[in-house]
Amino acid sequence: MNDNRKSKEQLIKELEDLRQQVAEHEKSETERKRAEEALRQSEEKYRSLASTEDSMYFVDRECRYRFMNKAHLLRLDLPLDKVIGRSYSEFHSEEDTKRFTDRVEAVFATGNSFQTEHRSERDNKYFLRTFGPVKDLQGNITDVTVISKDITERKRAEEALIQSEERYRTILDNTQEGYFEVDLVGNFTFVNDAECNDLGYTREELIGMNYKRYTDETAAKKTYELFNRVFRTGEQIRAFDGEFIKKDGTKGFNQVSVSLIRNAEGKPVGFRGLSRDITERKRAEERIQYLATHDALTDLPNRMMFSQLLNHTIQSSRRFKRQFAIFFLDLDRFKVINDTLGHETGDQLLQEIAQRLKKVLREIDVLARLSGDEFVVLIEEVSKQDQVATLAQKILSAIIKPVVLRGQEYRITASIGISMYPKDAQDEQSLMKSADIAMYLAKEEGKNNYQFYNTVIKSQSIERLVLETNLRRALERDEFILYYQAKVDFRTDAITGVEALLRWQNPDLGVVSPTRFIPVAEEIGLIVPIGRWVLKTACTQNVAWQRQGLPEVCMAVNLSIRQIMDDNLLTDIKTTLKESGMKPYLLELEITESMLMQNPERMVRILKEIKSLGVRLAIDDFGTGYSSLAQIRRFPIDTLKVDRSFIHGLSKDSEDKATIEAIIIMGKTLSLAVVAEGVETEEQNAFLLERACDQMQGYYFSKPITPDQFAELLAKHVPTSHQAGN
């Protein structure tokens, strides 16, 4: 029994030993399988690394190659047995070897991995090299693995980007246009030099600054609306004109183009824009706009602006049942100031009058200068006509106060015409016309007074309107004719010259006196084309007489101030002489003495240009302008014509006789021909003959006659023997 028990215990022990052996075997088998799996994974990882396109190789502490994959062998272009065991330094430069050795030693020293960028001198490529430790089972570092990734394309792209950004920044910093970038709330994130210069800030001051800092509230609102529209639509906005305030507080203007900045995901992150400083252009535009609506001399509103204000007042007064007045003001004898003291002094007077009128008028009243010495005033919110009359008298009193011009004291007066809304007219043109007509009545009433428009004036204005309307059509209807008055030489009694005198024959108005229509033609600007017609007709007629076999005579034609100041005058004279075939010395152009004194410097130049054509020049109405001998010498004149007023007073005024004698002596001194016009009696003729006057013209010899009558006179006239013998 004991043997059986022992045998059983022994059996249990053997079974336990067997179980332990089985367990150890299973454990060993598991560890083996795990090791095999780890080895398999390691081999798989190794094969993956070995087959990668990136270069991979192992080196020991002395930087000798222990292993490398196919990619690295291809780079070295050598078989494996020619590389393994050889040092890194055998294949690379000394400088590169030193950098490589330092990295390897660092891995052995720290056990850490390192990354570094490297440019290969062999093929000028860039690589990202990763140095890592290789350890044995005990954890000791045996080798260093190096994985070298080709990053040439990335590096070149980065370099290209850097160069591009450098070029971009260079361009931005050198361009004259401002460039800026702001975030979504309007803070600057980038600006170029031009933008800094425009705003007057440094780059450091602008970066981070909000756009509201250099704009006022109105401009800031417009800028916000602009950027908000770009944000909402994504569309670029070009050429937006905006205001800004520089660091020194001055206001400027920029023309801005703005577009959206998006990130890689397409999300808006800010704005970029170009700006151009247009301050000078804006100021020029504002000045042009100001000059378009204001008189440059007085800074008062001009005709255009007054017209706009008047129309606005008409609409307002019509709506609120109000009345207002228009003053049409014209300075009396202003032309005398201009003629005697010069245009510069005349301008000074106009400026003084403008200041006086401003002081008399209320702030709500509108004062404007229309042209020349014409001013117009809009008097708003008028309740009674007496109120208007009182203001008109105040204006007259202010104007007549002494004014010092060129060191001398003068008193100027004015004539004022007044029209009332809505009594006299209810539209702009009619109101202005009514006031203008009333002003002419004020002048006719002796000047220095005011007149209200009324029905009597209206009838007079209609008469003038009819005259003006018919005058405008007279040329095209061939209603003008020329009469001719002979000039006789005192010494020979021969007809040596003739003056062309304009007449107007209208089928409705009859024969209109030149004293009636010439001033109107001057005023409405028709005198230039009419004068051109007179010149052409007179020269053509003179040549026609010569072709009839008649003696040559000098044709005198009068010029107005508007004609002589016309830029086309010389061309008109040349064309007329060429087309008519008349010799230049047979044409004599007559200008008045007062015309010479308006702008002597310019007149000398113009007359010399006319004289260069071979044409003669005469001063008409001489003696009325008080010209001195020194003044007359300046002008290239051939003839002095004594004004008819002196001839008319010969029989009863000894002063007129003395004046004529003085003029004749002056003419002889200057070697000028002296012509007496308006000779009507034997007594006048004898006086002039005795004083050795050169020529006479007047009813005593012949009144103005038609072309055919003058041809007959010229053919039949025989000089008297006693005068011919003198």
# chains A, B, ... in the order shown; residues from 1 in each chain; ligands from 1
>>> residues_around(residues="region 665-672 of chain A", least_positions_apart="4", cutoff="12 Å", atoms="only C-alpha atoms", output="number ranges by chain")
A: 616-619, 622-623, 627-642, 658-661, 676, 691-695
>>> write_last_selection(atoms="N, CA and C atoms", output="short mmCIF file (atom, residue, chain, number, x, y, z; two decimals), in the first residue's frame")
data_model
loop_
_atom_site.label_atom_id
_atom_site.label_comp_id
_atom_site.auth_asym_id
_atom_site.auth_seq_id
_atom_site.Cartn_x
_atom_site.Cartn_y
_atom_site.Cartn_z
N ARG A 616 -2.37 152.66 -95.14
CA ARG A 616 -2.27 153.93 -94.43
C ARG A 616 -3.17 153.91 -93.20
N LEU A 617 -2.79 154.75 -92.20
CA LEU A 617 -3.56 154.83 -90.96
C LEU A 617 -3.89 156.28 -90.65
N ALA A 618 -5.11 156.50 -90.17
CA ALA A 618 -5.56 157.85 -89.84
C ALA A 618 -6.22 157.86 -88.47
N ILE A 619 -6.05 159.00 -87.75
CA ILE A 619 -6.75 159.19 -86.48
C ILE A 619 -7.97 160.05 -86.75
N PHE A 622 -9.85 163.72 -84.30
CA PHE A 622 -8.69 164.16 -83.53
C PHE A 622 -8.97 165.50 -82.85
N GLY A 623 -8.45 165.63 -81.63
CA GLY A 623 -8.64 166.84 -80.84
C GLY A 623 -9.58 166.65 -79.68
N SER A 627 -4.76 164.15 -76.81
CA SER A 627 -3.48 163.45 -76.95
C SER A 627 -2.36 164.47 -77.07
N SER A 628 -1.23 164.14 -76.54
CA SER A 628 -0.08 165.03 -76.61
C SER A 628 0.76 164.68 -77.83
N LEU A 629 1.65 165.60 -78.17
CA LEU A 629 2.56 165.36 -79.30
C LEU A 629 3.41 164.12 -79.06
N ALA A 630 3.86 163.96 -77.79
CA ALA A 630 4.70 162.80 -77.45
C ALA A 630 3.94 161.50 -77.63
N GLN A 631 2.63 161.50 -77.30
CA GLN A 631 1.84 160.28 -77.44
C GLN A 631 1.63 159.92 -78.91
N ILE A 632 1.32 160.95 -79.74
CA ILE A 632 1.05 160.68 -81.15
C ILE A 632 2.28 160.13 -81.85
N ARG A 633 3.46 160.57 -81.43
CA ARG A 633 4.70 160.11 -82.06
C ARG A 633 4.89 158.60 -81.95
N ARG A 634 4.27 158.00 -80.93
CA ARG A 634 4.46 156.55 -80.69
C ARG A 634 3.78 155.71 -81.76
N PHE A 635 2.75 156.28 -82.42
CA PHE A 635 1.92 155.48 -83.31
C PHE A 635 2.30 155.72 -84.78
N PRO A 636 2.27 154.67 -85.60
CA PRO A 636 2.64 154.80 -87.03
C PRO A 636 1.50 155.39 -87.85
N ILE A 637 1.16 156.66 -87.58
CA ILE A 637 0.02 157.31 -88.20
C ILE A 637 0.45 158.11 -89.43
N ASP A 638 -0.45 158.16 -90.45
CA ASP A 638 -0.20 158.96 -91.66
C ASP A 638 -1.04 160.23 -91.69
N THR A 639 -2.23 160.19 -91.07
CA THR A 639 -3.18 161.29 -91.23
C THR A 639 -3.86 161.63 -89.90
N LEU A 640 -4.07 162.96 -89.70
CA LEU A 640 -4.89 163.44 -88.59
C LEU A 640 -6.16 164.05 -89.17
N LYS A 641 -7.32 163.60 -88.69
CA LYS A 641 -8.59 164.17 -89.14
C LYS A 641 -9.17 165.03 -88.02
N VAL A 642 -9.26 166.34 -88.27
CA VAL A 642 -9.76 167.28 -87.26
C VAL A 642 -11.25 167.03 -87.04
N ALA A 658 -7.97 178.31 -82.56
CA ALA A 658 -6.64 178.05 -82.02
C ALA A 658 -6.34 176.55 -81.99
N THR A 659 -7.38 175.76 -81.67
CA THR A 659 -7.20 174.30 -81.62
C THR A 659 -6.86 173.76 -83.00
N ILE A 660 -7.60 174.26 -84.02
CA ILE A 660 -7.34 173.78 -85.37
C ILE A 660 -5.94 174.16 -85.82
N GLU A 661 -5.55 175.40 -85.54
CA GLU A 661 -4.20 175.84 -85.90
C GLU A 661 -3.14 174.96 -85.23
N ALA A 676 -9.54 168.15 -92.60
CA ALA A 676 -10.64 168.76 -91.85
C ALA A 676 -11.95 168.16 -92.33
N ARG A 691 -4.65 178.35 -93.51
CA ARG A 691 -3.78 177.73 -92.49
C ARG A 691 -2.99 176.54 -93.04
N ALA A 692 -3.06 176.34 -94.36
CA ALA A 692 -2.31 175.26 -95.03
C ALA A 692 -2.74 173.88 -94.59
N CYS A 693 -4.05 173.73 -94.31
CA CYS A 693 -4.58 172.38 -94.06
C CYS A 693 -4.46 171.58 -95.35
N ASP A 694 -4.20 170.32 -95.25
CA ASP A 694 -3.91 169.51 -96.45
C ASP A 694 -5.18 169.14 -97.23
N GLN A 695 -6.20 168.64 -96.54
CA GLN A 695 -7.40 168.17 -97.24
C GLN A 695 -8.65 168.58 -96.47
#
>>> residues_around(residues="region 344-358 of chain A", least_positions_apart="6", cutoff="8 Å", atoms="only C-alpha atoms", output="count of residues only")
14
>>> select_by_dssp(residues="region 323-471 of chain A", states="helix (DSSP H, G or I)", output="ChimeraX atom specification")
/A:334-341,343-360,385-400,428-444,455-471
>>> closest_residue(among="A:Asn192, A:Thr293, A:Ser275, A:Gln451", to="Phe327 (chain A)", atoms="only C-alpha atoms")
A:Gln451
>>> closest_residue(among="A:Glu655, A:Ser148, A:Glu95, A:Val377", to="Thr116 (chain A)", atoms="only C-alpha atoms")
A:Ser148
>>> residues_around(residues="region 313-317 of chain A", least_positions_apart="5", cutoff="9 Å", atoms="only C-alpha atoms", output="ChimeraX atom specification")
/A:308,322-324,378,380-381,421-422,426-428
>>> write_last_selection(atoms="C-alpha atoms", output="short mmCIF file (atom, residue, chain, number, x, y, z; two decimals), in the first residue's frame")
data_model
loop_
_atom_site.label_atom_id
_atom_site.label_comp_id
_atom_site.auth_asym_id
_atom_site.auth_seq_id
_atom_site.Cartn_x
_atom_site.Cartn_y
_atom_site.Cartn_z
CA GLN A 308 -28.70 129.00 -61.01
CA ARG A 322 -42.93 135.56 -51.97
CA GLN A 323 -41.61 138.49 -53.98
CA PHE A 324 -38.05 139.58 -54.66
CA LEU A 378 -30.81 139.48 -56.08
CA GLU A 380 -34.76 138.20 -51.48
CA GLU A 381 -37.78 138.36 -49.19
CA TYR A 421 -40.98 139.28 -59.09
CA PRO A 422 -43.76 138.41 -59.82
CA GLN A 426 -41.86 135.43 -63.62
CA ASP A 427 -38.91 133.82 -65.39
CA GLU A 428 -35.18 134.40 -65.32
#
>>> residues_around(residues="Leu535 (chain A)", least_positions_apart="2", cutoff="8 Å", atoms="only C-alpha atoms", output="ChimeraX atom specification")
/A:531-533,537-539,557,573,576
>>> residues_around(residues="Glu476 (chain A)", least_positions_apart="4", cutoff="12 Å", atoms="only C-alpha atoms", output="number ranges by chain")
A: 470-472, 480, 529-530, 533
